[in-house]
file start.pdb (PDB, C-alpha atoms)
ATOM      1  CA  MET A   1      81.238 142.012 139.077
ATOM      2  CA  MET A   2      80.980 144.983 136.774
ATOM      3  CA  ALA A   3      83.785 147.338 135.825
ATOM      4  CA  PRO A   4      82.977 151.076 135.592
ATOM      5  CA  ASP A   5      82.946 151.076 131.787
ATOM      6  CA  GLY A   6      80.214 148.421 131.891
ATOM      7  CA  ILE A   7      77.788 150.555 133.895
ATOM      8  CA  SER A   8      74.911 151.556 131.653
ATOM      9  CA  LYS A   9      73.899 154.700 133.528
ATOM     10  CA  ARG A  10      76.356 157.565 133.823
ATOM     11  CA  VAL A  11      77.454 158.148 137.410
ATOM     12  CA  ARG A  12      77.909 161.710 138.636
ATOM     13  CA  PHE A  13      80.471 162.140 141.419
ATOM     14  CA  ARG A  14      79.242 165.486 142.718
ATOM     15  CA  ARG A  15      80.940 165.548 146.103
ATOM     16  CA  ILE A  16      84.343 164.093 145.330
ATOM     17  CA  GLY A  17      87.417 166.165 144.536
ATOM     18  CA  PRO A  18      89.244 165.613 141.255
ATOM     19  CA  LEU A  19      92.217 163.976 142.962
ATOM     20  CA  CYS A  20      89.913 161.251 144.290
ATOM     21  CA  THR A  21      88.133 160.376 141.061
ATOM     22  CA  MET A  22      90.509 157.608 139.973
ATOM     23  CA  MET A  23      90.310 156.006 143.421
ATOM     24  CA  VAL A  24      86.521 156.064 143.347
ATOM     25  CA  TYR A  25      86.403 154.318 139.972
ATOM     26  CA  ALA A  26      88.717 151.657 141.370
ATOM     27  CA  ILE A  27      86.357 151.177 144.305
ATOM     28  CA  LEU A  28      83.350 150.883 142.008
ATOM     29  CA  SER A  29      85.028 148.070 140.141
ATOM     30  CA  LEU A  30      84.929 146.043 143.375
ATOM     31  CA  LEU A  31      81.194 146.435 143.891
ATOM     32  CA  PRO A  32      79.395 143.237 142.840
ATOM     33  CA  ILE A  33      76.405 144.919 141.239
ATOM     34  CA  GLY A  34      75.153 145.686 137.782
ATOM     35  CA  VAL A  35      73.103 148.707 136.837
ATOM     36  CA  ALA A  36      69.864 148.536 134.904
ATOM     37  CA  ALA A  37      68.821 151.493 132.799
ATOM     38  CA  GLN A  38      65.944 153.542 134.122
ATOM     39  CA  VAL A  39      62.576 153.112 132.482
ATOM     40  CA  ALA A  40      59.772 155.229 133.937
ATOM     41  CA  GLY A  41      56.936 153.057 135.155
ATOM     42  CA  ASP A  42      59.002 149.884 135.515
ATOM     43  CA  PRO A  43      57.619 147.354 137.979
ATOM     44  CA  PRO A  44      59.736 146.694 141.068
ATOM     45  CA  ALA A  45      62.989 144.951 140.133
ATOM     46  CA  LEU A  46      63.570 141.389 141.316
ATOM     47  CA  THR A  47      66.827 140.435 139.593
ATOM     48  CA  PRO A  48      70.089 140.900 141.510
ATOM     49  CA  GLY A  49      71.947 144.146 140.958
ATOM     50  CA  LEU A  50      71.439 147.871 141.177
ATOM     51  CA  HIS A  51      68.419 149.212 139.321
ATOM     52  CA  ILE A  52      67.596 152.864 138.651
ATOM     53  CA  LEU A  53      63.822 153.282 138.599
ATOM     54  CA  THR A  54      60.951 155.717 139.021
ATOM     55  CA  LEU A  55      57.950 155.477 141.319
ATOM     56  CA  SER A  56      54.997 157.399 139.905
ATOM     57  CA  ARG A  57      52.526 159.052 142.277
ATOM     58  CA  ALA A  58      49.148 160.595 141.528
ATOM     59  CA  ASP A  59      49.268 164.400 141.868
ATOM     60  CA  GLU A  60      52.792 164.240 143.313
ATOM     61  CA  PRO A  61      56.263 164.417 141.760
ATOM     62  CA  ALA A  62      57.588 161.051 140.653
ATOM     63  CA  ILE A  63      60.318 159.581 142.852
ATOM     64  CA  ARG A  64      63.537 158.547 141.149
ATOM     65  CA  TYR A  65      65.361 155.928 143.155
ATOM     66  CA  ALA A  66      68.047 153.283 143.080
ATOM     67  CA  ILE A  67      67.392 149.838 144.521
ATOM     68  CA  TYR A  68      69.972 147.149 145.086
ATOM     69  CA  ILE A  69      68.782 143.532 145.171
ATOM     70  CA  PRO A  70      71.332 141.162 146.747
ATOM     71  CA  GLY A  71      72.287 138.005 144.901
ATOM     72  CA  ASN A  72      70.777 135.741 147.549
ATOM     73  CA  TYR A  73      67.394 137.494 147.655
ATOM     74  CA  SER A  74      64.392 135.165 147.667
ATOM     75  CA  PRO A  75      60.745 136.133 148.140
ATOM     76  CA  SER A  76      60.457 133.196 150.525
ATOM     77  CA  ALA A  77      63.103 134.583 152.916
ATOM     78  CA  PRO A  78      62.518 138.088 154.357
ATOM     79  CA  ALA A  79      65.551 140.312 153.800
ATOM     80  CA  PRO A  80      66.853 143.291 155.793
ATOM     81  CA  LEU A  81      66.181 146.722 154.292
ATOM     82  CA  ILE A  82      68.520 149.717 154.276
ATOM     83  CA  LEU A  83      67.223 153.191 153.432
ATOM     84  CA  ALA A  84      70.207 155.125 152.028
ATOM     85  CA  LEU A  85      70.016 158.922 151.846
ATOM     86  CA  HIS A  86      72.396 160.801 149.581
ATOM     87  CA  TYR A  87      74.484 163.904 150.219
ATOM     88  CA  GLY A  88      73.644 167.434 149.121
ATOM     89  CA  VAL A  89      73.914 168.213 145.444
ATOM     90  CA  ARG A  90      75.249 171.443 144.019
ATOM     91  CA  GLY A  91      72.695 173.153 141.822
ATOM     92  CA  GLY A  92      69.797 171.208 143.315
ATOM     93  CA  ASP A  93      69.558 168.520 140.581
ATOM     94  CA  ALA A  94      69.547 165.281 142.535
ATOM     95  CA  ALA A  95      68.998 163.000 139.528
ATOM     96  CA  GLY A  96      71.103 159.881 140.063
ATOM     97  CA  ALA A  97      72.440 160.904 143.482
ATOM     98  CA  GLY A  98      70.799 157.939 145.211
ATOM     99  CA  GLY A  99      72.560 155.500 142.914
ATOM    100  CA  ASP A 100      75.816 157.391 143.359
ATOM    101  CA  VAL A 101      75.877 157.071 147.147
ATOM    102  CA  VAL A 102      75.020 153.366 146.949
ATOM    103  CA  GLN A 103      77.892 152.722 144.549
ATOM    104  CA  ILE A 104      80.462 154.966 146.210
ATOM    105  CA  LEU A 105      79.828 154.172 149.867
ATOM    106  CA  ILE A 106      76.833 152.238 151.135
ATOM    107  CA  GLY A 107      76.801 149.273 148.753
ATOM    108  CA  PRO A 108      80.445 148.264 149.265
ATOM    109  CA  ALA A 109      80.300 148.879 153.033
ATOM    110  CA  LEU A 110      77.085 147.011 153.833
ATOM    111  CA  ALA A 111      77.133 144.250 151.192
ATOM    112  CA  GLU A 112      77.685 141.525 153.809
ATOM    113  CA  LEU A 113      74.248 142.166 155.305
ATOM    114  CA  GLY A 114      72.498 140.682 152.283
ATOM    115  CA  ALA A 115      70.059 143.581 152.508
ATOM    116  CA  ILE A 116      67.921 145.295 149.943
ATOM    117  CA  ILE A 117      69.155 148.889 149.713
ATOM    118  CA  VAL A 118      66.823 151.614 148.497
ATOM    119  CA  ALA A 119      68.160 155.091 147.787
ATOM    120  CA  PRO A 120      65.785 157.831 146.611
ATOM    121  CA  ASP A 121      66.805 161.012 144.835
ATOM    122  CA  SER A 122      65.688 163.919 147.004
ATOM    123  CA  VAL A 123      62.731 166.015 145.905
ATOM    124  CA  ARG A 124      64.048 169.574 145.853
ATOM    125  CA  GLY A 125      66.019 170.116 149.002
ATOM    126  CA  ASN A 126      66.854 168.670 152.398
ATOM    127  CA  TRP A 127      65.567 165.331 153.584
ATOM    128  CA  SER A 128      63.680 166.994 156.432
ATOM    129  CA  SER A 129      61.356 168.903 154.085
ATOM    130  CA  PRO A 130      57.677 167.858 154.046
ATOM    131  CA  GLU A 131      58.036 166.906 150.358
ATOM    132  CA  ASN A 132      60.903 164.543 151.082
ATOM    133  CA  GLU A 133      59.277 163.088 154.180
ATOM    134  CA  LYS A 134      56.230 162.205 152.098
ATOM    135  CA  ALA A 135      58.300 160.844 149.209
ATOM    136  CA  VAL A 136      60.549 158.672 151.367
ATOM    137  CA  ASN A 137      57.623 157.202 153.274
ATOM    138  CA  ALA A 138      55.808 156.462 150.007
ATOM    139  CA  LEU A 139      58.899 154.710 148.660
ATOM    140  CA  LEU A 140      59.306 152.651 151.832
ATOM    141  CA  ASP A 141      55.638 151.659 151.659
ATOM    142  CA  MET A 142      56.133 150.473 148.075
ATOM    143  CA  VAL A 143      59.255 148.454 148.921
ATOM    144  CA  VAL A 144      57.626 146.771 151.916
ATOM    145  CA  ALA A 145      54.553 145.963 149.798
ATOM    146  CA  HIS A 146      56.437 144.475 146.834
ATOM    147  CA  TYR A 147      59.435 142.756 148.441
ATOM    148  CA  SER A 148      59.902 140.236 151.209
ATOM    149  CA  ILE A 149      61.220 142.468 154.003
ATOM    150  CA  ASP A 150      62.016 141.601 157.592
ATOM    151  CA  LYS A 151      60.325 144.564 159.277
ATOM    152  CA  LYS A 152      62.439 144.057 162.392
ATOM    153  CA  LYS A 153      65.584 144.644 160.335
ATOM    154  CA  VAL A 154      65.108 148.046 158.711
ATOM    155  CA  ALA A 155      67.836 150.676 159.130
ATOM    156  CA  VAL A 156      68.408 154.182 157.823
ATOM    157  CA  THR A 157      71.813 155.527 156.866
ATOM    158  CA  GLY A 158      73.157 158.377 154.781
ATOM    159  CA  TYR A 159      76.092 160.664 154.193
ATOM    160  CA  SER A 160      76.384 164.432 154.840
ATOM    161  CA  MET A 161      72.905 165.809 154.065
ATOM    162  CA  GLY A 162      71.886 162.146 154.123
ATOM    163  CA  GLY A 163      73.504 161.744 157.534
ATOM    164  CA  ALA A 164      71.414 164.622 158.840
ATOM    165  CA  GLY A 165      68.436 163.000 157.122
ATOM    166  CA  SER A 166      69.172 159.733 158.921
ATOM    167  CA  TRP A 167      69.025 161.513 162.275
ATOM    168  CA  HIS A 168      65.798 163.216 161.164
ATOM    169  CA  PHE A 169      63.926 160.154 159.914
ATOM    170  CA  ALA A 170      64.989 158.007 162.870
ATOM    171  CA  GLU A 171      63.795 160.679 165.292
ATOM    172  CA  LYS A 172      60.504 161.501 163.553
ATOM    173  CA  PHE A 173      59.520 158.043 162.267
ATOM    174  CA  PRO A 174      61.058 155.599 164.775
ATOM    175  CA  GLU A 175      58.335 153.022 164.124
ATOM    176  CA  ARG A 176      59.745 152.485 160.614
ATOM    177  CA  PHE A 177      63.300 151.624 161.659
ATOM    178  CA  SER A 178      65.277 149.456 164.030
ATOM    179  CA  ALA A 179      68.508 151.483 163.867
ATOM    180  CA  ALA A 180      70.142 154.593 162.429
ATOM    181  CA  ILE A 181      73.673 155.010 161.047
ATOM    182  CA  PRO A 182      74.319 158.684 160.244
ATOM    183  CA  VAL A 183      77.635 159.412 158.537
ATOM    184  CA  SER A 184      79.039 162.955 158.671
ATOM    185  CA  GLY A 185      75.609 164.376 159.357
ATOM    186  CA  ARG A 186      74.495 167.153 161.680
ATOM    187  CA  PRO A 187      72.512 165.697 164.593
ATOM    188  CA  PRO A 188      69.347 167.166 166.103
ATOM    189  CA  ALA A 189      69.730 169.893 168.707
ATOM    190  CA  SER A 190      68.580 167.539 171.451
ATOM    191  CA  ALA A 191      68.341 163.799 171.979
ATOM    192  CA  SER A 192      65.287 164.120 174.203
ATOM    193  CA  GLY A 193      62.818 161.327 173.469
ATOM    194  CA  TRP A 194      65.187 159.427 171.177
ATOM    195  CA  ARG A 195      64.226 155.746 170.893
ATOM    196  CA  LEU A 196      66.424 153.930 168.354
ATOM    197  CA  PRO A 197      69.911 152.415 168.530
ATOM    198  CA  VAL A 198      72.295 154.724 166.677
ATOM    199  CA  LEU A 199      75.828 154.311 165.354
ATOM    200  CA  ALA A 200      77.283 157.646 164.232
ATOM    201  CA  ILE A 201      80.393 157.919 162.072
ATOM    202  CA  HIS A 202      82.125 161.278 161.941
ATOM    203  CA  SER A 203      85.586 162.684 161.219
ATOM    204  CA  ARG A 204      87.237 165.117 163.576
ATOM    205  CA  ASP A 205      88.606 166.838 160.459
ATOM    206  CA  ASP A 206      85.204 167.450 158.885
ATOM    207  CA  GLN A 207      85.261 171.057 157.734
ATOM    208  CA  VAL A 208      81.548 171.193 156.810
ATOM    209  CA  ALA A 209      79.629 169.283 159.479
ATOM    210  CA  PRO A 210      81.467 169.819 162.790
ATOM    211  CA  PHE A 211      82.432 166.782 164.839
ATOM    212  CA  ASP A 212      81.600 168.168 168.297
ATOM    213  CA  PRO A 213      77.764 168.221 167.992
ATOM    214  CA  THR A 214      77.752 164.541 167.000
ATOM    215  CA  GLN A 215      80.051 163.655 169.882
ATOM    216  CA  ALA A 216      77.842 165.597 172.303
ATOM    217  CA  ARG A 217      74.638 163.994 171.020
ATOM    218  CA  ILE A 218      76.010 160.457 171.301
ATOM    219  CA  ALA A 219      77.223 161.181 174.848
ATOM    220  CA  GLU A 220      73.749 162.508 175.710
ATOM    221  CA  LEU A 221      72.113 159.388 174.333
ATOM    222  CA  GLN A 222      74.492 157.110 176.194
ATOM    223  CA  LYS A 223      73.746 158.954 179.429
ATOM    224  CA  ALA A 224      70.033 158.374 178.763
ATOM    225  CA  GLY A 225      70.641 154.642 178.396
ATOM    226  CA  VAL A 226      70.215 154.469 174.614
ATOM    227  CA  ASN A 227      72.292 152.035 172.566
ATOM    228  CA  ALA A 228      74.452 154.755 171.016
ATOM    229  CA  LYS A 229      77.972 154.512 169.628
ATOM    230  CA  LEU A 230      80.328 156.912 167.887
ATOM    231  CA  ILE A 231      83.094 155.899 165.490
ATOM    232  CA  PRO A 232      85.430 158.923 165.456
ATOM    233  CA  LEU A 233      87.784 159.259 162.507
ATOM    234  CA  THR A 234      90.772 161.490 161.828
ATOM    235  CA  GLY A 235      92.505 162.625 158.668
ATOM    236  CA  ILE A 236      89.384 162.463 156.496
ATOM    237  CA  THR A 237      87.745 165.610 155.162
ATOM    238  CA  HIS A 238      84.073 166.020 154.403
ATOM    239  CA  TYR A 239      84.183 165.465 150.652
ATOM    240  CA  GLN A 240      86.226 162.253 150.759
ATOM    241  CA  THR A 241      83.073 160.171 150.731
ATOM    242  CA  TYR A 242      84.655 156.879 149.710
ATOM    243  CA  ARG A 243      87.101 156.998 152.639
ATOM    244  CA  PHE A 244      84.251 156.405 155.081
ATOM    245  CA  ARG A 245      83.648 152.957 153.628
ATOM    246  CA  ASP A 246      85.819 151.012 156.108
ATOM    247  CA  ALA A 247      84.186 152.730 159.084
ATOM    248  CA  LEU A 248      80.708 152.079 157.725
ATOM    249  CA  ARG A 249      81.634 148.429 157.271
ATOM    250  CA  LEU A 250      81.856 148.260 161.083
ATOM    251  CA  ALA A 251      78.110 148.809 161.141
ATOM    252  CA  VAL A 252      77.600 145.247 159.852
ATOM    253  CA  PRO A 253      78.422 143.432 163.131
ATOM    254  CA  TRP A 254      76.793 146.240 165.110
ATOM    255  CA  LEU A 255      73.533 145.871 163.183
ATOM    256  CA  ARG A 256      73.606 142.098 163.508
ATOM    257  CA  GLU A 257      73.869 142.499 167.273
ATOM    258  CA  VAL A 258      71.011 145.026 167.311
ATOM    259  CA  TRP A 259      68.887 142.680 165.188
ATOM    260  CA  GLN A 260      69.365 139.618 167.388
TER     261      GLN A 260
END

call {"tool": "encode", "arguments": {"input": "start.pdb", "output": "structure tokens"}}
result
Amino acid sequence: MMAPDGISKRVRFRRIGPLCTMMVYAILSLLPIGVAAQVAGDPPALTPGLHILTLSRADEPAIRYAIYIPGNYSPSAPAPLILALHYGVRGGDAAGAGGDVVQILIGPALAELGAIIVAPDSVRGNWSSPENEKAVNALLDMVVAHYSIDKKKVAVTGYSMGGAGSWHFAEKFPERFSAAIPVSGRPPASASGWRLPVLAIHSRDDQVAPFDPTQARIAELQKAGVNAKLIPLTGITHYQTYRFRDALRLAVPWLREVWQ
């Protein structure tokens, strides 16, 4: 277990108000991961912990990403894989945002799964852009090629812009995933043709991404016979990222049921 002052890479809390900063650092101290410094061109990490790395691509921008390796990972035992998509970043510089969302929210909430978690930094803009689609798919290809992954247990999740990205990737690339868990993300305009189980988490008090479209989309999916569930929250505003951790923890038994 590593306290915040032992983390070797500076963490930027872009989406959290100043009154929440002390609480977030307290939460980080509970996360059983260490952080390895980024070195461009590093081979895939195999030691337990959170590693900040770069995936180089010929004639394409390099992909900065965070990857969490659980303590019980063994190449002889295929592990689940979680794709974690970060929130929007003011100013457009997403450097380190993937690692941030793993440490603040997704790592603590989903630790019980024993999953590898990979969290790219977006390439200039929303996750639905062609650049980001290509980058995320390239990163997933690399992870599947270099780690022992149970391809039947791959889920996508994300917060805010990453929640919208979770909806997007699950809808457009359903063959890559077994489930989607969007948190505080705007859903697609229609659920027509949707194929994957989805667990959406959204606060009624979200002042940025309205609650009603998510509620309507989940109801539409349920009517169509899709395994779709909504966890509605109250009293949590959009920028209180860490407060969604308990709700996201409920995705652990849900995913285990989906993966049976």

call {"tool": "resolve_selection", "arguments": {"input": "start.pdb", "expression": "the PyMOL selection byres ((chain A and resi 134) around 12)", "output": "ChimeraX atom specification"}}
result
/A:57,60-63,120,122-123,127-133,135-141,169,173

call {"tool": "closest_residue", "arguments": {"input": "start.pdb", "among": "A:Val208, A:Ala191, A:Val118, A:Leu196", "to": "A:Leu50", "atoms": "all atoms listed in the file"}}
result
A:Val118

call {"tool": "closest_residue", "arguments": {"input": "start.pdb", "among": "A:Leu248, A:Leu83, A:Leu55, A:Leu255", "to": "A:Pro108", "atoms": "only C-alpha atoms"}}
result
A:Leu248

call {"tool": "atom_distance", "arguments": {"input": "start.pdb", "atom1": "atom CA of A:Gly99", "atom2": "atom CA of A:Leu53"}}
result
10.0 Å

call {"tool": "residues_around", "arguments": {"input": "start.pdb", "residues": "A:Ala224", "least_positions_apart": "5", "cutoff": "12 Å", "atoms": "all atoms listed in the file", "output": "PyMOL selection string"}}
result
chain A and resi 190-197+217-219

call {"tool": "residues_near_point", "arguments": {"input": "start.pdb", "point": "(65.7, 138.8, 137.2)", "cutoff": "12 Å", "atoms": "all atoms listed in the file", "output": "MDAnalysis selection string"}}
result
chainID A and resid 34 36 43:51 69:74

call {"tool": "resolve_selection", "arguments": {"input": "start.pdb", "expression": "the PyMOL selection byres ((chain A and resi 80) around 6)", "output": "list in words"}}
result
Ala79, Leu81, Ala115, Ile149, Asp150, Lys153 and Val154 of chain A

call {"tool": "resolve_selection", "arguments": {"input": "start.pdb", "expression": "the PyMOL selection byres ((chain A and resi 98) around 8)", "output": "MDAnalysis selection string"}}
result
chainID A and resid 65:66 84:86 94:97 99:102 119:121

call {"tool": "atom_distance", "arguments": {"input": "start.pdb", "atom1": "atom CA of A:Ile236", "atom2": "atom CA of A:His168"}}
result
24.1 Å

call {"tool": "closest_residue", "arguments": {"input": "start.pdb", "among": "A:Gly114, A:Gly88, A:Gly165, A:Pro75", "to": "A:His238", "atoms": "all atoms listed in the file"}}
result
A:Gly88

call {"tool": "closest_residue", "arguments": {"input": "start.pdb", "among": "A:Gly162, A:Ile82, A:Leu113, A:Gly185", "to": "A:Val252", "atoms": "all atoms listed in the file"}}
result
A:Leu113

call {"tool": "atom_distance", "arguments": {"input": "start.pdb", "atom1": "atom CA of A:Ala155", "atom2": "atom CA of A:Gln215"}}
result
20.8 Å

call {"tool": "residues_around", "arguments": {"input": "start.pdb", "residues": "A:Thr157", "least_positions_apart": "3", "cutoff": "6 Å", "atoms": "all atoms listed in the file", "output": "list in words"}}
result
Ala84, Ser166, Ala180, Ile181 and Pro182 of chain A

call {"tool": "axis_aligned_box", "arguments": {"input": "start.pdb", "around": "stretch 250-258 of chain A", "padding_each_side": "4 Å", "output": "JSON"}}
result
{"center_x": 76.4, "center_y": 145.5, "center_z": 163.6, "size_x": 18.8, "size_y": 14.7, "size_z": 15.5}

call {"tool": "residues_around", "arguments": {"input": "start.pdb", "residues": "A:Asn227", "least_positions_apart": "5", "cutoff": "9 Å", "atoms": "only C-alpha atoms", "output": "ChimeraX atom specification"}}
result
/A:196-199,221-222,258

call {"tool": "write_last_selection", "arguments": {"input": "start.pdb", "atoms": "C-alpha atoms", "output": "PDB file, in the coordinates of the input"}}
result
ATOM      1  CA  LEU A 196      66.424 153.930 168.354  1.00  0.00           C
ATOM      2  CA  PRO A 197      69.911 152.415 168.530  1.00  0.00           C
ATOM      3  CA  VAL A 198      72.295 154.724 166.677  1.00  0.00           C
ATOM      4  CA  LEU A 199      75.828 154.311 165.354  1.00  0.00           C
ATOM      5  CA  LEU A 221      72.113 159.388 174.333  1.00  0.00           C
ATOM      6  CA  GLN A 222      74.492 157.110 176.194  1.00  0.00           C
ATOM      7  CA  VAL A 258      71.011 145.026 167.311  1.00  0.00           C
TER       8      VAL A 258
END

call {"tool": "closest_residue", "arguments": {"input": "start.pdb", "among": "A:Arg256, A:Arg204, A:Lys172, A:Lys151", "to": "A:Ile231", "atoms": "all atoms listed in the file"}}
result
A:Arg204

call {"tool": "build_atoms", "arguments": {"input": "start.pdb", "residues": "stretch 49-69 of chain A", "atoms": "N, CA and C atoms", "output": "PDB file, in the coordinates of the input"}}
result
ATOM      1  N   GLY A  49      71.246 143.015 141.536  1.00  0.00           N
ATOM      2  CA  GLY A  49      71.947 144.146 140.958  1.00  0.00           C
ATOM      3  C   GLY A  49      71.344 145.459 141.408  1.00  0.00           C
ATOM      4  N   LEU A  50      71.896 146.521 140.861  1.00  0.00           N
ATOM      5  CA  LEU A  50      71.439 147.871 141.177  1.00  0.00           C
ATOM      6  C   LEU A  50      70.584 148.372 140.028  1.00  0.00           C
ATOM      7  N   HIS A  51      69.378 148.772 140.326  1.00  0.00           N
ATOM      8  CA  HIS A  51      68.419 149.212 139.321  1.00  0.00           C
ATOM      9  C   HIS A  51      68.040 150.668 139.590  1.00  0.00           C
ATOM     10  N   ILE A  52      67.982 151.463 138.545  1.00  0.00           N
ATOM     11  CA  ILE A  52      67.596 152.864 138.651  1.00  0.00           C
ATOM     12  C   ILE A  52      66.190 152.989 138.099  1.00  0.00           C
ATOM     13  N   LEU A  53      65.229 153.346 138.953  1.00  0.00           N
ATOM     14  CA  LEU A  53      63.822 153.282 138.599  1.00  0.00           C
ATOM     15  C   LEU A  53      63.082 154.551 139.010  1.00  0.00           C
ATOM     16  N   THR A  54      61.813 154.597 138.658  1.00  0.00           N
ATOM     17  CA  THR A  54      60.951 155.717 139.021  1.00  0.00           C
ATOM     18  C   THR A  54      59.656 155.184 139.616  1.00  0.00           C
ATOM     19  N   LEU A  55      59.242 155.783 140.713  1.00  0.00           N
ATOM     20  CA  LEU A  55      57.950 155.477 141.319  1.00  0.00           C
ATOM     21  C   LEU A  55      57.007 156.637 141.020  1.00  0.00           C
ATOM     22  N   SER A  56      55.980 156.370 140.238  1.00  0.00           N
ATOM     23  CA  SER A  56      54.997 157.399 139.905  1.00  0.00           C
ATOM     24  C   SER A  56      53.990 157.533 141.039  1.00  0.00           C
ATOM     25  N   ARG A  57      53.535 158.791 141.248  1.00  0.00           N
ATOM     26  CA  ARG A  57      52.526 159.052 142.277  1.00  0.00           C
ATOM     27  C   ARG A  57      51.470 159.985 141.699  1.00  0.00           C
ATOM     28  N   ALA A  58      50.226 159.733 142.008  1.00  0.00           N
ATOM     29  CA  ALA A  58      49.148 160.595 141.528  1.00  0.00           C
ATOM     30  C   ALA A  58      49.242 161.960 142.195  1.00  0.00           C
ATOM     31  N   ASP A  59      49.270 163.012 141.386  1.00  0.00           N
ATOM     32  CA  ASP A  59      49.268 164.400 141.868  1.00  0.00           C
ATOM     33  C   ASP A  59      50.487 164.753 142.715  1.00  0.00           C
ATOM     34  N   GLU A  60      51.544 163.964 142.599  1.00  0.00           N
ATOM     35  CA  GLU A  60      52.792 164.240 143.313  1.00  0.00           C
ATOM     36  C   GLU A  60      53.958 164.015 142.361  1.00  0.00           C
ATOM     37  N   PRO A  61      55.096 164.673 142.609  1.00  0.00           N
ATOM     38  CA  PRO A  61      56.263 164.417 141.760  1.00  0.00           C
ATOM     39  C   PRO A  61      56.673 162.952 141.812  1.00  0.00           C
ATOM     40  N   ALA A  62      57.072 162.417 140.680  1.00  0.00           N
ATOM     41  CA  ALA A  62      57.588 161.051 140.653  1.00  0.00           C
ATOM     42  C   ALA A  62      58.866 160.968 141.482  1.00  0.00           C
ATOM     43  N   ILE A  63      59.124 159.797 142.037  1.00  0.00           N
ATOM     44  CA  ILE A  63      60.318 159.581 142.852  1.00  0.00           C
ATOM     45  C   ILE A  63      61.307 158.744 142.061  1.00  0.00           C
ATOM     46  N   ARG A  64      62.444 159.319 141.743  1.00  0.00           N
ATOM     47  CA  ARG A  64      63.537 158.547 141.149  1.00  0.00           C
ATOM     48  C   ARG A  64      64.302 157.879 142.277  1.00  0.00           C
ATOM     49  N   TYR A  65      64.659 156.618 142.082  1.00  0.00           N
ATOM     50  CA  TYR A  65      65.361 155.928 143.155  1.00  0.00           C
ATOM     51  C   TYR A  65      66.233 154.819 142.588  1.00  0.00           C
ATOM     52  N   ALA A  66      67.224 154.451 143.373  1.00  0.00           N
ATOM     53  CA  ALA A  66      68.047 153.283 143.080  1.00  0.00           C
ATOM     54  C   ALA A  66      67.670 152.201 144.072  1.00  0.00           C
ATOM     55  N   ILE A  67      67.642 150.956 143.611  1.00  0.00           N
ATOM     56  CA  ILE A  67      67.392 149.838 144.521  1.00  0.00           C
ATOM     57  C   ILE A  67      68.363 148.709 144.197  1.00  0.00           C
ATOM     58  N   TYR A  68      69.015 148.249 145.221  1.00  0.00           N
ATOM     59  CA  TYR A  68      69.972 147.149 145.086  1.00  0.00           C
ATOM     60  C   TYR A  68      69.334 145.873 145.626  1.00  0.00           C
ATOM     61  N   ILE A  69      69.304 144.839 144.790  1.00  0.00           N
ATOM     62  CA  ILE A  69      68.782 143.532 145.171  1.00  0.00           C
ATOM     63  C   ILE A  69      69.969 142.590 145.344  1.00  0.00           C
TER      64      ILE A  69
END
